[in-house]
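Below: the structure, in structure tokens.
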Amino acid sequence: MKFSTQEFLSLSGMGHDTLTAWIEEEWLIPGGSVAEMSFSEIDVARARLIRDLQMDLGVNDEGVGVILNLLDQLYGIRSTLTELREVVRTTR
Amino acid sequence: MKDPYEILGVARTASAEDLQKAYRKLAKKLHPDLNPGNAEAEEKFKEIAGAYDLVGDAEKRKKFDNGEIDAAGAERPRQKYYRDFASSDQDHPYANNSGFTDFMDSEDGFAELLRRSARAQANRRGHDLEYRLPIEFVEAIAGANKRLTLPDGSTLDVAIPAGITEGQVLRLRGKGAPGSGKGGFGDALIEVEIRPDRSFTRQGDDIYLELPVTLTEAVLGARIKVLTPTGAVTMAVPKGSNTGTMLRLKGKGAPNHAGGHGDQFVKLKVMLPKEPDPELEAFISGWESGKTYNPREAVAT
């Protein structure tokens with residue numbers, strides 16, 4: 001499932017300026033070209049997470065960057081652990 | 001649903017600030033995306049988020065305190081969380097392995113395992129892509145060739161097998177997302193959605209159709225044209241047919257697994273002419289036995 005910039009903005013209820021700022025911060029990394037960006041479901045879910053962090057949890061912008069970086073590492077380790085489990089299982 | 005104040009662990013008299021503080025404290029601990037491995041967190045978070053949606057809003061809180069609304073249905077509907085995507089093994093731009101690259105550089109068995117898993121990742125098959133394809137009733141019975149236009153503008157040709165049923169999923173091998181390295185393509189999974197038809201309905205392999213006939217055709221019998229999903233056929237309406245008479249067209253239903261076909265059942269509906277007809281009225285008023293038979297015998301009054 002891929003979304004255009006317009007679809008993404010309405011799905012995540014945010015404005016164009018916010019999106020530009022988030023992309024500059026590398027909080028969001030859309031696919032496609034600069035002229036025609038393309039978003040997937042993980043981008044929508046990530047935007048919602050950032051909103052939750054800001055609105056619900058009261059995290060400020062600096063904090064959001066730190067949390068996202070740590071979360072990305074956490075999820076990276078989790079998926080490698082999943083891979084490892086697979087490798088261990090198949091080589092036993 | 002439990003009492004929202006109880007869920008948030010505050011007194012009913014708590015100020016809006018205290019409510020927010022209590023909510024944030026719980027949400028920090030329980031937000032599903034901050035707890036990727038904790039299945040329970042999502043349920044609990046849903047509960048506290050629902051409670052806060054209710055009493056965190058001054059207006060709703062007033063209504064709730066006055067008993068005008070209750071906590072039922074206040075739970076936030078299930079949504080897709082970031083963790084649902086980030087934990088899956090699909091490639092995404094946010095994946096970050098920097099947290100353990102130092103482990104990979106050593107010479108022990110663990111590092112070897114890590115390197116092997118990195119290689120496996122490099123040759124992974126592409127993931128499956130899911131689509132929905134609405135088709136017409138007739139196409140589901142007779143089969144069809146459809147072309148699906150994908151969001152990126154490319155197209156996918158789908159052969160609909162005759163007799164397909166609602167919700168059936170067609171798998172097109174190798175038409176999914178590209179893999180990495182020698183991984184090859186994933187599959188396209190196409191879920192078929194059958195649009196209801198104005199005339200035909202289906203029960204199992206059999207097809208039902210209600211067909212209006214004239215009074216003359218019903219009384220005297222006739223050969224009439226009937227539509228089936230695979231084309232028109234001629235059917236004999238026997239003399240003395242009635243509204244509700246069910247006629248069977250053998251083998252004109254949907255194909256079944258046994259290699260045969262179901263049947264099409266045609267239910268007749270006798271229709272008088274649209275405009276009142278003086279000739280018919282004159283005949284009926286002189287038709288004696290028409291005044292004595294009772295079609296409502298079986299109907300309780």
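Note on naming: chains are A, B, ... as they come in the structure tokens, residues start from 1 per chain, ligands start from 1 in the order shown.
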Could you pull out the residues in range 47-222 of chain B that DSSP calls alpha helix (DSSP H) from the backbone, as a compact mmCIF listing (two decimals) with all heavy atoms, in the first residue's frame?
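What follows is the written file states-v7.txt:
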```txt
# COMPACT_ATOMS: atom_id res chain seq x y z
N GLU B 47 -6.94 0.82 27.19
CA GLU B 47 -7.83 1.12 28.30
C GLU B 47 -7.57 2.53 28.86
O GLU B 47 -8.49 3.32 29.02
CB GLU B 47 -7.62 0.07 29.40
CG GLU B 47 -8.82 -0.13 30.27
CD GLU B 47 -8.57 -1.23 31.29
OE1 GLU B 47 -7.52 -1.21 31.96
OE2 GLU B 47 -9.43 -2.10 31.41
N ILE B 48 -6.28 2.82 29.12
CA ILE B 48 -6.01 4.13 29.72
C ILE B 48 -6.24 5.26 28.71
O ILE B 48 -6.71 6.33 29.06
CB ILE B 48 -4.58 4.22 30.31
CG1 ILE B 48 -3.52 4.01 29.24
CG2 ILE B 48 -4.39 3.26 31.47
CD1 ILE B 48 -2.19 4.59 29.61
N ALA B 49 -5.94 4.98 27.42
CA ALA B 49 -6.18 6.01 26.41
C ALA B 49 -7.67 6.30 26.29
O ALA B 49 -8.09 7.45 26.17
CB ALA B 49 -5.60 5.58 25.07
N GLY B 50 -8.47 5.23 26.36
CA GLY B 50 -9.92 5.39 26.30
C GLY B 50 -10.42 6.19 27.50
O GLY B 50 -11.26 7.08 27.37
N ALA B 51 -9.89 5.86 28.67
CA ALA B 51 -10.29 6.56 29.89
C ALA B 51 -9.93 8.04 29.80
O ALA B 51 -10.72 8.92 30.16
CB ALA B 51 -9.61 5.93 31.10
N TYR B 52 -8.74 8.31 29.25
CA TYR B 52 -8.30 9.71 29.17
C TYR B 52 -9.07 10.47 28.09
O TYR B 52 -9.34 11.66 28.25
CB TYR B 52 -6.79 9.78 28.91
CG TYR B 52 -6.25 11.18 29.01
CD1 TYR B 52 -6.29 11.87 30.22
CD2 TYR B 52 -5.72 11.83 27.90
CE1 TYR B 52 -5.82 13.17 30.31
CE2 TYR B 52 -5.23 13.12 27.99
CZ TYR B 52 -5.29 13.79 29.20
OH TYR B 52 -4.82 15.08 29.30
N ASP B 53 -9.43 9.76 27.00
CA ASP B 53 -10.26 10.40 25.98
C ASP B 53 -11.55 10.92 26.60
O ASP B 53 -12.10 11.93 26.20
CB ASP B 53 -10.62 9.39 24.87
CG ASP B 53 -9.48 9.22 23.89
OD1 ASP B 53 -8.54 10.02 23.94
OD2 ASP B 53 -9.53 8.26 23.09
N LEU B 54 -12.03 10.19 27.60
CA LEU B 54 -13.31 10.52 28.22
C LEU B 54 -13.16 11.64 29.25
O LEU B 54 -13.77 12.70 29.13
CB LEU B 54 -13.88 9.25 28.87
CG LEU B 54 -15.31 9.32 29.37
CD1 LEU B 54 -16.26 9.56 28.22
CD2 LEU B 54 -15.67 8.01 30.06
N VAL B 55 -12.31 11.43 30.26
CA VAL B 55 -12.26 12.42 31.35
C VAL B 55 -11.17 13.46 31.15
O VAL B 55 -11.08 14.41 31.92
CB VAL B 55 -12.10 11.72 32.73
CG1 VAL B 55 -13.34 10.91 33.05
CG2 VAL B 55 -10.86 10.85 32.75
N ALA B 58 -12.70 18.25 29.01
CA ALA B 58 -13.51 18.91 30.04
C ALA B 58 -15.01 18.70 29.82
O ALA B 58 -15.74 18.40 30.77
CB ALA B 58 -13.18 20.40 30.06
N GLU B 59 -15.43 18.81 28.56
CA GLU B 59 -16.86 18.70 28.28
C GLU B 59 -17.38 17.29 28.51
O GLU B 59 -18.41 17.08 29.16
CB GLU B 59 -17.10 19.13 26.84
CG GLU B 59 -18.48 19.68 26.62
CD GLU B 59 -18.48 20.58 25.38
OE1 GLU B 59 -17.82 21.64 25.41
OE2 GLU B 59 -19.09 20.17 24.39
N LYS B 60 -16.62 16.32 27.96
CA LYS B 60 -17.04 14.92 28.13
C LYS B 60 -17.00 14.54 29.61
O LYS B 60 -17.83 13.77 30.09
CB LYS B 60 -16.11 13.99 27.33
CG LYS B 60 -16.45 13.93 25.86
CD LYS B 60 -15.73 12.75 25.22
CE LYS B 60 -15.49 12.99 23.75
NZ LYS B 60 -14.41 12.18 23.21
N ARG B 61 -15.99 15.08 30.33
CA ARG B 61 -15.87 14.74 31.73
C ARG B 61 -17.10 15.21 32.51
O ARG B 61 -17.63 14.48 33.36
CB ARG B 61 -14.61 15.40 32.32
CG ARG B 61 -14.37 15.02 33.76
CD ARG B 61 -13.15 15.71 34.33
NE ARG B 61 -12.94 15.30 35.71
CZ ARG B 61 -12.03 15.80 36.51
NH1 ARG B 61 -11.22 16.75 36.06
NH2 ARG B 61 -11.91 15.38 37.74
N LYS B 62 -17.56 16.42 32.18
CA LYS B 62 -18.73 16.96 32.86
C LYS B 62 -19.94 16.06 32.62
O LYS B 62 -20.67 15.70 33.55
CB LYS B 62 -19.02 18.37 32.32
CG LYS B 62 -19.55 19.32 33.37
CD LYS B 62 -19.47 20.76 32.89
CE LYS B 62 -20.85 21.35 32.71
NZ LYS B 62 -20.80 22.64 32.01
N LYS B 63 -20.10 15.68 31.36
CA LYS B 63 -21.23 14.80 31.02
C LYS B 63 -21.12 13.47 31.74
O LYS B 63 -22.11 12.92 32.21
CB LYS B 63 -21.27 14.56 29.51
CG LYS B 63 -21.89 15.71 28.75
CD LYS B 63 -22.13 15.32 27.30
CE LYS B 63 -22.71 16.47 26.51
NZ LYS B 63 -22.54 16.28 25.08
N PHE B 64 -19.89 12.93 31.79
CA PHE B 64 -19.70 11.64 32.45
C PHE B 64 -20.01 11.76 33.95
O PHE B 64 -20.70 10.93 34.53
CB PHE B 64 -18.27 11.14 32.25
CG PHE B 64 -17.97 9.86 32.99
CD1 PHE B 64 -18.44 8.65 32.51
CD2 PHE B 64 -17.26 9.89 34.19
CE1 PHE B 64 -18.18 7.48 33.20
CE2 PHE B 64 -17.00 8.71 34.88
CZ PHE B 64 -17.46 7.51 34.39
N ASP B 65 -19.50 12.85 34.58
CA ASP B 65 -19.73 13.04 36.01
C ASP B 65 -21.21 13.20 36.32
O ASP B 65 -21.69 12.79 37.37
CB ASP B 65 -18.95 14.25 36.52
CG ASP B 65 -17.44 13.97 36.55
OD1 ASP B 65 -17.08 12.78 36.46
OD2 ASP B 65 -16.65 14.93 36.64
N TYR B 82 3.09 1.38 15.25
CA TYR B 82 4.38 1.38 14.56
C TYR B 82 5.08 0.05 14.72
O TYR B 82 5.70 -0.47 13.82
CB TYR B 82 5.24 2.52 15.11
CG TYR B 82 6.57 2.65 14.42
CD1 TYR B 82 6.64 3.02 13.10
CD2 TYR B 82 7.75 2.37 15.09
CE1 TYR B 82 7.85 3.14 12.46
CE2 TYR B 82 8.98 2.48 14.46
CZ TYR B 82 9.02 2.86 13.14
OH TYR B 82 10.21 2.96 12.51
N ARG B 83 4.95 -0.55 15.92
CA ARG B 83 5.66 -1.79 16.19
C ARG B 83 5.19 -2.93 15.27
O ARG B 83 5.93 -3.86 15.02
CB ARG B 83 5.50 -2.20 17.65
CG ARG B 83 4.07 -2.61 18.03
CD ARG B 83 4.05 -3.10 19.46
NE ARG B 83 2.77 -3.73 19.78
CZ ARG B 83 2.49 -4.22 20.97
NH1 ARG B 83 3.38 -4.16 21.94
NH2 ARG B 83 1.33 -4.79 21.20
N ASP B 84 3.94 -2.83 14.78
CA ASP B 84 3.43 -3.87 13.88
C ASP B 84 4.23 -3.89 12.58
O ASP B 84 4.30 -4.91 11.90
CB ASP B 84 1.95 -3.63 13.55
CG ASP B 84 1.09 -3.69 14.80
OD1 ASP B 84 1.50 -4.40 15.74
OD2 ASP B 84 0.05 -3.02 14.83
N PHE B 85 4.78 -2.74 12.20
CA PHE B 85 5.53 -2.67 10.95
C PHE B 85 7.04 -2.81 11.20
O PHE B 85 7.73 -3.49 10.48
CB PHE B 85 5.26 -1.34 10.24
CG PHE B 85 3.82 -1.15 9.90
CD1 PHE B 85 3.01 -0.33 10.68
CD2 PHE B 85 3.25 -1.80 8.82
CE1 PHE B 85 1.68 -0.16 10.37
CE2 PHE B 85 1.92 -1.63 8.50
CZ PHE B 85 1.13 -0.82 9.29
N ALA B 86 7.49 -2.11 12.25
CA ALA B 86 8.93 -2.06 12.48
C ALA B 86 9.49 -3.41 12.89
O ALA B 86 10.66 -3.71 12.64
CB ALA B 86 9.24 -1.01 13.55
N THR B 101 26.74 -3.60 15.80
CA THR B 101 27.72 -3.90 14.75
C THR B 101 29.06 -4.32 15.36
O THR B 101 29.81 -5.08 14.75
CB THR B 101 27.95 -2.69 13.83
OG1 THR B 101 27.92 -1.52 14.62
CG2 THR B 101 26.90 -2.60 12.76
N ASP B 102 29.36 -3.81 16.57
CA ASP B 102 30.62 -4.20 17.20
C ASP B 102 30.67 -5.71 17.47
O ASP B 102 31.72 -6.33 17.38
CB ASP B 102 30.84 -3.40 18.50
CG ASP B 102 29.64 -3.43 19.42
OD1 ASP B 102 28.55 -3.86 18.95
OD2 ASP B 102 29.76 -3.05 20.59
N PHE B 103 29.50 -6.30 17.73
CA PHE B 103 29.46 -7.75 17.98
C PHE B 103 29.92 -8.54 16.75
O PHE B 103 30.51 -9.60 16.84
CB PHE B 103 28.04 -8.21 18.31
CG PHE B 103 27.55 -7.78 19.66
CD1 PHE B 103 28.33 -6.99 20.49
CD2 PHE B 103 26.30 -8.19 20.11
CE1 PHE B 103 27.88 -6.59 21.73
CE2 PHE B 103 25.85 -7.80 21.34
CZ PHE B 103 26.63 -6.99 22.16
N MET B 104 29.58 -8.00 15.58
CA MET B 104 29.82 -8.74 14.34
C MET B 104 31.31 -8.86 14.02
O MET B 104 31.70 -9.74 13.26
CB MET B 104 29.14 -8.02 13.18
CG MET B 104 27.68 -8.29 13.06
SD MET B 104 27.20 -7.77 11.41
CE MET B 104 25.47 -7.89 11.45
N GLY B 109 31.67 -17.61 17.80
CA GLY B 109 30.54 -18.24 17.12
C GLY B 109 29.35 -17.33 17.02
O GLY B 109 28.62 -17.36 16.02
N PHE B 110 29.17 -16.50 18.02
CA PHE B 110 28.02 -15.60 18.01
C PHE B 110 28.13 -14.63 16.85
O PHE B 110 27.16 -14.37 16.13
CB PHE B 110 27.94 -14.86 19.34
CG PHE B 110 26.73 -14.00 19.45
CD1 PHE B 110 25.46 -14.54 19.37
CD2 PHE B 110 26.85 -12.62 19.63
CE1 PHE B 110 24.33 -13.74 19.47
CE2 PHE B 110 25.74 -11.81 19.72
CZ PHE B 110 24.47 -12.38 19.65
N ALA B 111 29.34 -14.08 16.66
CA ALA B 111 29.56 -13.14 15.56
C ALA B 111 29.29 -13.83 14.22
O ALA B 111 28.73 -13.24 13.31
CB ALA B 111 30.99 -12.60 15.61
N GLU B 112 29.69 -15.11 14.14
CA GLU B 112 29.47 -15.86 12.91
C GLU B 112 27.97 -16.00 12.63
O GLU B 112 27.52 -15.83 11.50
CB GLU B 112 30.13 -17.25 13.04
CG GLU B 112 29.85 -18.22 11.90
CD GLU B 112 30.20 -17.64 10.51
OE1 GLU B 112 31.13 -16.81 10.45
OE2 GLU B 112 29.53 -18.00 9.52
N LEU B 113 27.22 -16.26 13.69
CA LEU B 113 25.76 -16.36 13.54
C LEU B 113 25.18 -15.04 13.05
O LEU B 113 24.34 -15.01 12.16
CB LEU B 113 25.12 -16.71 14.88
CG LEU B 113 25.06 -18.18 15.27
CD1 LEU B 113 24.39 -18.32 16.63
CD2 LEU B 113 24.28 -18.98 14.22
N LEU B 114 25.64 -13.95 13.65
CA LEU B 114 25.15 -12.63 13.25
C LEU B 114 25.45 -12.36 11.79
O LEU B 114 24.62 -11.85 11.05
CB LEU B 114 25.81 -11.55 14.11
CG LEU B 114 25.16 -11.23 15.44
CD1 LEU B 114 25.99 -10.20 16.18
CD2 LEU B 114 23.76 -10.70 15.24
N ARG B 115 26.68 -12.71 11.38
CA ARG B 115 27.07 -12.47 9.98
C ARG B 115 26.22 -13.31 9.04
O ARG B 115 25.81 -12.87 7.98
CB ARG B 115 28.56 -12.78 9.78
CG ARG B 115 29.47 -11.67 10.33
CD ARG B 115 30.89 -11.84 9.82
NE ARG B 115 31.53 -13.02 10.38
CZ ARG B 115 32.28 -13.01 11.49
NH1 ARG B 115 32.47 -11.88 12.14
NH2 ARG B 115 32.83 -14.11 11.94
N ARG B 116 25.95 -14.55 9.48
CA ARG B 116 25.15 -15.42 8.64
C ARG B 116 23.73 -14.85 8.48
O ARG B 116 23.15 -14.90 7.41
CB ARG B 116 25.08 -16.83 9.24
CG ARG B 116 24.99 -17.86 8.13
CD ARG B 116 24.79 -19.24 8.63
NE ARG B 116 25.73 -19.65 9.67
CZ ARG B 116 25.60 -20.79 10.34
NH1 ARG B 116 24.57 -21.58 10.10
NH2 ARG B 116 26.46 -21.13 11.26
N SER B 117 23.19 -14.33 9.58
CA SER B 117 21.84 -13.78 9.50
C SER B 117 21.82 -12.53 8.62
O SER B 117 20.86 -12.27 7.91
CB SER B 117 21.29 -13.51 10.89
OG SER B 117 21.11 -12.14 11.11
N ALA B 118 22.92 -11.76 8.65
CA ALA B 118 23.01 -10.58 7.78
C ALA B 118 23.03 -11.02 6.32
O ALA B 118 22.43 -10.39 5.46
CB ALA B 118 24.26 -9.78 8.11
N ARG B 119 23.72 -12.16 6.06
CA ARG B 119 23.76 -12.66 4.68
C ARG B 119 22.39 -13.16 4.26
O ARG B 119 21.96 -12.94 3.14
CB ARG B 119 24.79 -13.79 4.56
CG ARG B 119 26.22 -13.30 4.34
CD ARG B 119 27.08 -14.40 3.76
NE ARG B 119 27.17 -15.57 4.63
CZ ARG B 119 28.06 -15.69 5.62
NH1 ARG B 119 28.91 -14.72 5.87
NH2 ARG B 119 28.08 -16.78 6.37
N ALA B 120 21.70 -13.82 5.19
CA ALA B 120 20.36 -14.32 4.88
C ALA B 120 19.45 -13.14 4.54
O ALA B 120 18.63 -13.20 3.63
CB ALA B 120 19.78 -15.09 6.06
N GLN B 121 19.64 -12.05 5.28
CA GLN B 121 18.84 -10.86 5.04
C GLN B 121 19.12 -10.29 3.66
O GLN B 121 18.24 -9.76 3.01
CB GLN B 121 19.21 -9.81 6.09
CG GLN B 121 18.01 -9.27 6.81
CD GLN B 121 18.38 -8.63 8.13
OE1 GLN B 121 19.55 -8.40 8.42
NE2 GLN B 121 17.41 -8.36 8.94
N ALA B 122 20.39 -10.45 3.22
CA ALA B 122 20.79 -9.87 1.94
C ALA B 122 20.17 -10.63 0.77
O ALA B 122 20.09 -10.11 -0.33
CB ALA B 122 22.30 -9.88 1.81
N PHE B 137 -20.92 -10.33 -10.47
CA PHE B 137 -21.46 -11.64 -10.15
C PHE B 137 -21.27 -12.61 -11.31
O PHE B 137 -20.81 -13.74 -11.15
CB PHE B 137 -22.96 -11.48 -9.84
CG PHE B 137 -23.64 -12.75 -9.44
CD1 PHE B 137 -23.73 -13.12 -8.12
CD2 PHE B 137 -24.22 -13.57 -10.41
CE1 PHE B 137 -24.36 -14.28 -7.76
CE2 PHE B 137 -24.85 -14.75 -10.06
CZ PHE B 137 -24.92 -15.11 -8.73
N VAL B 138 -21.62 -12.12 -12.49
CA VAL B 138 -21.55 -12.96 -13.69
C VAL B 138 -20.11 -13.41 -13.95
O VAL B 138 -19.86 -14.55 -14.34
CB VAL B 138 -22.12 -12.17 -14.90
CG1 VAL B 138 -21.81 -12.88 -16.19
CG2 VAL B 138 -23.62 -11.99 -14.73
N GLU B 139 -19.14 -12.53 -13.68
CA GLU B 139 -17.74 -12.88 -13.89
C GLU B 139 -17.29 -13.97 -12.91
O GLU B 139 -16.46 -14.81 -13.22
CB GLU B 139 -16.85 -11.64 -13.71
CG GLU B 139 -17.09 -10.59 -14.78
CD GLU B 139 -16.34 -9.29 -14.53
OE1 GLU B 139 -16.14 -8.92 -13.35
OE2 GLU B 139 -15.96 -8.64 -15.51
N ALA B 140 -17.87 -13.94 -11.71
CA ALA B 140 -17.52 -14.95 -10.71
C ALA B 140 -17.99 -16.33 -11.14
O ALA B 140 -17.36 -17.34 -10.85
CB ALA B 140 -18.13 -14.59 -9.36
N ILE B 141 -19.13 -16.39 -11.83
CA ILE B 141 -19.67 -17.68 -12.26
C ILE B 141 -18.97 -18.16 -13.53
O ILE B 141 -18.57 -19.31 -13.64
CB ILE B 141 -21.19 -17.57 -12.55
CG1 ILE B 141 -21.94 -17.00 -11.35
CG2 ILE B 141 -21.75 -18.92 -12.98
CD1 ILE B 141 -21.92 -17.86 -10.13
N ALA B 142 -18.82 -17.25 -14.49
CA ALA B 142 -18.35 -17.66 -15.81
C ALA B 142 -16.83 -17.55 -15.95
O ALA B 142 -16.26 -18.07 -16.89
CB ALA B 142 -19.03 -16.80 -16.88
N LEU B 215 -49.51 -13.41 -17.68
CA LEU B 215 -50.62 -14.28 -17.31
C LEU B 215 -50.82 -15.35 -18.39
O LEU B 215 -50.99 -16.53 -18.08
CB LEU B 215 -51.88 -13.41 -17.17
CG LEU B 215 -53.10 -14.04 -16.53
CD1 LEU B 215 -52.76 -14.56 -15.14
CD2 LEU B 215 -54.23 -13.00 -16.45
N THR B 216 -50.73 -14.94 -19.63
CA THR B 216 -50.91 -15.86 -20.75
C THR B 216 -49.85 -16.97 -20.72
O THR B 216 -50.17 -18.15 -20.85
CB THR B 216 -50.80 -15.09 -22.09
OG1 THR B 216 -51.55 -13.89 -21.98
CG2 THR B 216 -51.29 -15.92 -23.24
N GLU B 217 -48.57 -16.58 -20.51
CA GLU B 217 -47.50 -17.57 -20.47
C GLU B 217 -47.72 -18.55 -19.32
O GLU B 217 -47.49 -19.76 -19.45
CB GLU B 217 -46.14 -16.87 -20.30
CG GLU B 217 -45.66 -16.16 -21.57
CD GLU B 217 -44.55 -15.15 -21.31
OE1 GLU B 217 -44.32 -14.76 -20.13
OE2 GLU B 217 -43.91 -14.73 -22.28
N ALA B 218 -48.22 -18.04 -18.20
CA ALA B 218 -48.41 -18.90 -17.04
C ALA B 218 -49.58 -19.86 -17.26
O ALA B 218 -49.48 -21.04 -16.93
CB ALA B 218 -48.66 -18.04 -15.79
N VAL B 219 -50.64 -19.36 -17.81
CA VAL B 219 -51.84 -20.19 -17.95
C VAL B 219 -51.70 -21.20 -19.10
O VAL B 219 -52.00 -22.38 -18.95
CB VAL B 219 -53.08 -19.29 -18.18
CG1 VAL B 219 -54.30 -20.15 -18.51
CG2 VAL B 219 -53.34 -18.44 -16.96
N LEU B 220 -51.15 -20.74 -20.21
CA LEU B 220 -51.13 -21.60 -21.40
C LEU B 220 -49.79 -22.29 -21.62
O LEU B 220 -49.68 -23.18 -22.45
CB LEU B 220 -51.48 -20.77 -22.64
CG LEU B 220 -52.84 -20.06 -22.60
CD1 LEU B 220 -53.06 -19.25 -23.86
CD2 LEU B 220 -53.98 -21.07 -22.40
```
Dump as a ChimeraX atom specification the residues of chain B that approach chain A to within 6 Å, counting only C-alpha atoms. /B:24,81-82,85,87,95-97,99,117
Give me, as a ChimeraX atom specification, all polymer residues having an atom no more than 12 Å from Gly221 in chain B, counting only C-alpha atoms and skipping those fewer than 3 positions away in the same chain. /B:213-218,224,235-242,270
Restrict the selected residues to all heavy atoms and save them as a short mmCIF file (atom, residue, chain, number, x, y, z; two decimals), in the first residue's frame.
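Written file, part21.cif:
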```cif
data_model
loop_
_atom_site.label_atom_id
_atom_site.label_comp_id
_atom_site.auth_asym_id
_atom_site.auth_seq_id
_atom_site.Cartn_x
_atom_site.Cartn_y
_atom_site.Cartn_z
N VAL B 213 -43.39 -13.48 -15.59
CA VAL B 213 -44.02 -14.02 -16.80
C VAL B 213 -45.41 -13.41 -16.93
O VAL B 213 -45.98 -12.93 -15.94
CB VAL B 213 -44.15 -15.57 -16.75
CG1 VAL B 213 -42.78 -16.22 -16.87
CG2 VAL B 213 -44.87 -16.04 -15.50
N THR B 214 -45.93 -13.42 -18.13
CA THR B 214 -47.27 -12.86 -18.32
C THR B 214 -48.31 -13.88 -17.87
O THR B 214 -48.02 -15.07 -17.72
CB THR B 214 -47.54 -12.53 -19.79
OG1 THR B 214 -47.55 -13.76 -20.52
CG2 THR B 214 -46.46 -11.62 -20.36
N LEU B 215 -49.51 -13.41 -17.68
CA LEU B 215 -50.62 -14.28 -17.31
C LEU B 215 -50.82 -15.35 -18.39
O LEU B 215 -50.99 -16.53 -18.08
CB LEU B 215 -51.88 -13.41 -17.17
CG LEU B 215 -53.10 -14.04 -16.53
CD1 LEU B 215 -52.76 -14.56 -15.14
CD2 LEU B 215 -54.23 -13.00 -16.45
N THR B 216 -50.73 -14.94 -19.63
CA THR B 216 -50.91 -15.86 -20.75
C THR B 216 -49.85 -16.97 -20.72
O THR B 216 -50.17 -18.15 -20.85
CB THR B 216 -50.80 -15.09 -22.09
OG1 THR B 216 -51.55 -13.89 -21.98
CG2 THR B 216 -51.29 -15.92 -23.24
N GLU B 217 -48.57 -16.58 -20.51
CA GLU B 217 -47.50 -17.57 -20.47
C GLU B 217 -47.72 -18.55 -19.32
O GLU B 217 -47.49 -19.76 -19.45
CB GLU B 217 -46.14 -16.87 -20.30
CG GLU B 217 -45.66 -16.16 -21.57
CD GLU B 217 -44.55 -15.15 -21.31
OE1 GLU B 217 -44.32 -14.76 -20.13
OE2 GLU B 217 -43.91 -14.73 -22.28
N ALA B 218 -48.22 -18.04 -18.20
CA ALA B 218 -48.41 -18.90 -17.04
C ALA B 218 -49.58 -19.86 -17.26
O ALA B 218 -49.48 -21.04 -16.93
CB ALA B 218 -48.66 -18.04 -15.79
N ILE B 224 -39.78 -19.50 -23.26
CA ILE B 224 -39.28 -18.13 -23.10
C ILE B 224 -37.76 -18.13 -22.94
O ILE B 224 -37.15 -19.13 -22.60
CB ILE B 224 -39.93 -17.42 -21.89
CG1 ILE B 224 -39.69 -18.22 -20.61
CG2 ILE B 224 -41.41 -17.22 -22.10
CD1 ILE B 224 -40.21 -17.52 -19.38
N MET B 235 -36.28 -21.72 -22.21
CA MET B 235 -36.81 -22.57 -21.17
C MET B 235 -38.30 -22.77 -21.40
O MET B 235 -39.00 -21.85 -21.83
CB MET B 235 -36.58 -21.89 -19.81
CG MET B 235 -37.09 -22.65 -18.62
SD MET B 235 -36.81 -21.72 -17.08
CE MET B 235 -38.09 -20.49 -17.23
N ALA B 236 -38.79 -23.96 -21.14
CA ALA B 236 -40.21 -24.25 -21.29
C ALA B 236 -40.94 -23.93 -19.99
O ALA B 236 -40.60 -24.48 -18.95
CB ALA B 236 -40.42 -25.71 -21.67
N VAL B 237 -41.90 -23.02 -20.08
CA VAL B 237 -42.77 -22.78 -18.92
C VAL B 237 -43.99 -23.67 -19.10
O VAL B 237 -44.72 -23.55 -20.07
CB VAL B 237 -43.21 -21.29 -18.86
CG1 VAL B 237 -44.21 -21.08 -17.74
CG2 VAL B 237 -42.00 -20.40 -18.69
N PRO B 238 -44.21 -24.65 -18.20
CA PRO B 238 -45.33 -25.56 -18.40
C PRO B 238 -46.68 -24.86 -18.22
O PRO B 238 -46.77 -23.86 -17.52
CB PRO B 238 -45.13 -26.63 -17.33
CG PRO B 238 -44.10 -26.11 -16.39
CD PRO B 238 -43.42 -24.94 -17.01
N LYS B 239 -47.64 -25.41 -18.89
CA LYS B 239 -49.01 -24.93 -18.79
C LYS B 239 -49.41 -24.92 -17.31
O LYS B 239 -49.09 -25.86 -16.56
CB LYS B 239 -49.86 -25.93 -19.57
CG LYS B 239 -51.21 -25.49 -19.96
CD LYS B 239 -51.75 -26.55 -20.92
CE LYS B 239 -53.26 -26.41 -21.01
NZ LYS B 239 -53.79 -27.28 -22.06
N GLY B 240 -50.14 -23.90 -16.87
CA GLY B 240 -50.62 -23.87 -15.50
C GLY B 240 -49.56 -23.53 -14.48
O GLY B 240 -49.64 -23.92 -13.32
N SER B 241 -48.50 -22.82 -14.87
CA SER B 241 -47.48 -22.39 -13.91
C SER B 241 -48.04 -21.25 -13.06
O SER B 241 -49.00 -20.59 -13.44
CB SER B 241 -46.23 -21.91 -14.64
OG SER B 241 -45.60 -23.00 -15.27
N ASN B 242 -47.38 -21.01 -11.93
CA ASN B 242 -47.91 -20.03 -10.99
C ASN B 242 -46.78 -19.16 -10.44
O ASN B 242 -45.60 -19.48 -10.61
CB ASN B 242 -48.60 -20.77 -9.85
CG ASN B 242 -49.70 -19.94 -9.23
OD1 ASN B 242 -49.72 -18.73 -9.38
ND2 ASN B 242 -50.62 -20.61 -8.56
N VAL B 270 -45.90 -14.27 -11.71
CA VAL B 270 -46.92 -13.95 -12.71
C VAL B 270 -47.28 -12.48 -12.58
O VAL B 270 -47.57 -11.99 -11.49
CB VAL B 270 -48.17 -14.83 -12.51
CG1 VAL B 270 -49.24 -14.48 -13.56
CG2 VAL B 270 -47.80 -16.31 -12.61
#
```
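Coordinates place CA of Ala188 in chain B at a distance of 11.0 Å from CA of Asp157 in chain B.
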Can you pull out every residue from chain A that DSSP, working from the backbone, puts in strand (DSSP E or B), and format the result as a PyMOL selection string? chain A and resi 2-3+31-32+37-40
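Going from CA of Asp277 in chain B to CA of Gly290 in chain B covers 17.1 Å.
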Using only C-alpha atoms, which residues sit within 8 Å of Pro178 in chain B once same-chain residues fewer than 5 positions away are excluded, as a PyMOL selection string? chain B and resi 125-127+183-186
